[in-house]
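Colleague: Dumping the structure here so I can ask a few things about it.
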Amino acid sequence: MKLTAMYVGAVLGPGVLVLPALATEAAGPASLLAWAALLALSVPVAVQLTRLGERHRGDGAGFVRTAFGDRAARPVAWWFYLVGVPYGVLGGALVGGRHVAHALGGGDPALIGV
């Protein structure tokens, strides 16, 4: 369960900081419509994952284990542990470093992130 929380935090943290600026840069004022569409499409997915979490305790690997067995769940768990969390945390540190560097008026975002 802790691993899932780390993974979700690592992915959502930088996404919340970066995506609004990228969407505004790409679409301008129409980015608000894109965010509304994203919200409308994301709610059913979130509801289904919540229902799965209530019925089958665990994380993404637990859901795969319930549906397909231990053999399929092992690579999913390792993927989260070896790829999802480290790269998500690294992305969050770099995004945070950029924000701090901008607030301070300069500096190396990578160094600040570390």
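Labels for the structure tokens follow display order: chains A, B, ..., residues from 1 in each chain, ligands from 1.
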Mind listing the alpha helix (DSSP H) residues of chain A, per DSSP on the backbone, as an MDAnalysis selection string?
Modeller: chainID A and resid 2:27 31:55 60:68 70:79 85:104 109:113
Colleague: Could you tell me how far CA of Val76 in chain A lies from CA of Ala61 in chain A, in Å and to one decimal?
Modeller: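 A separation of 5.4 Å between them.
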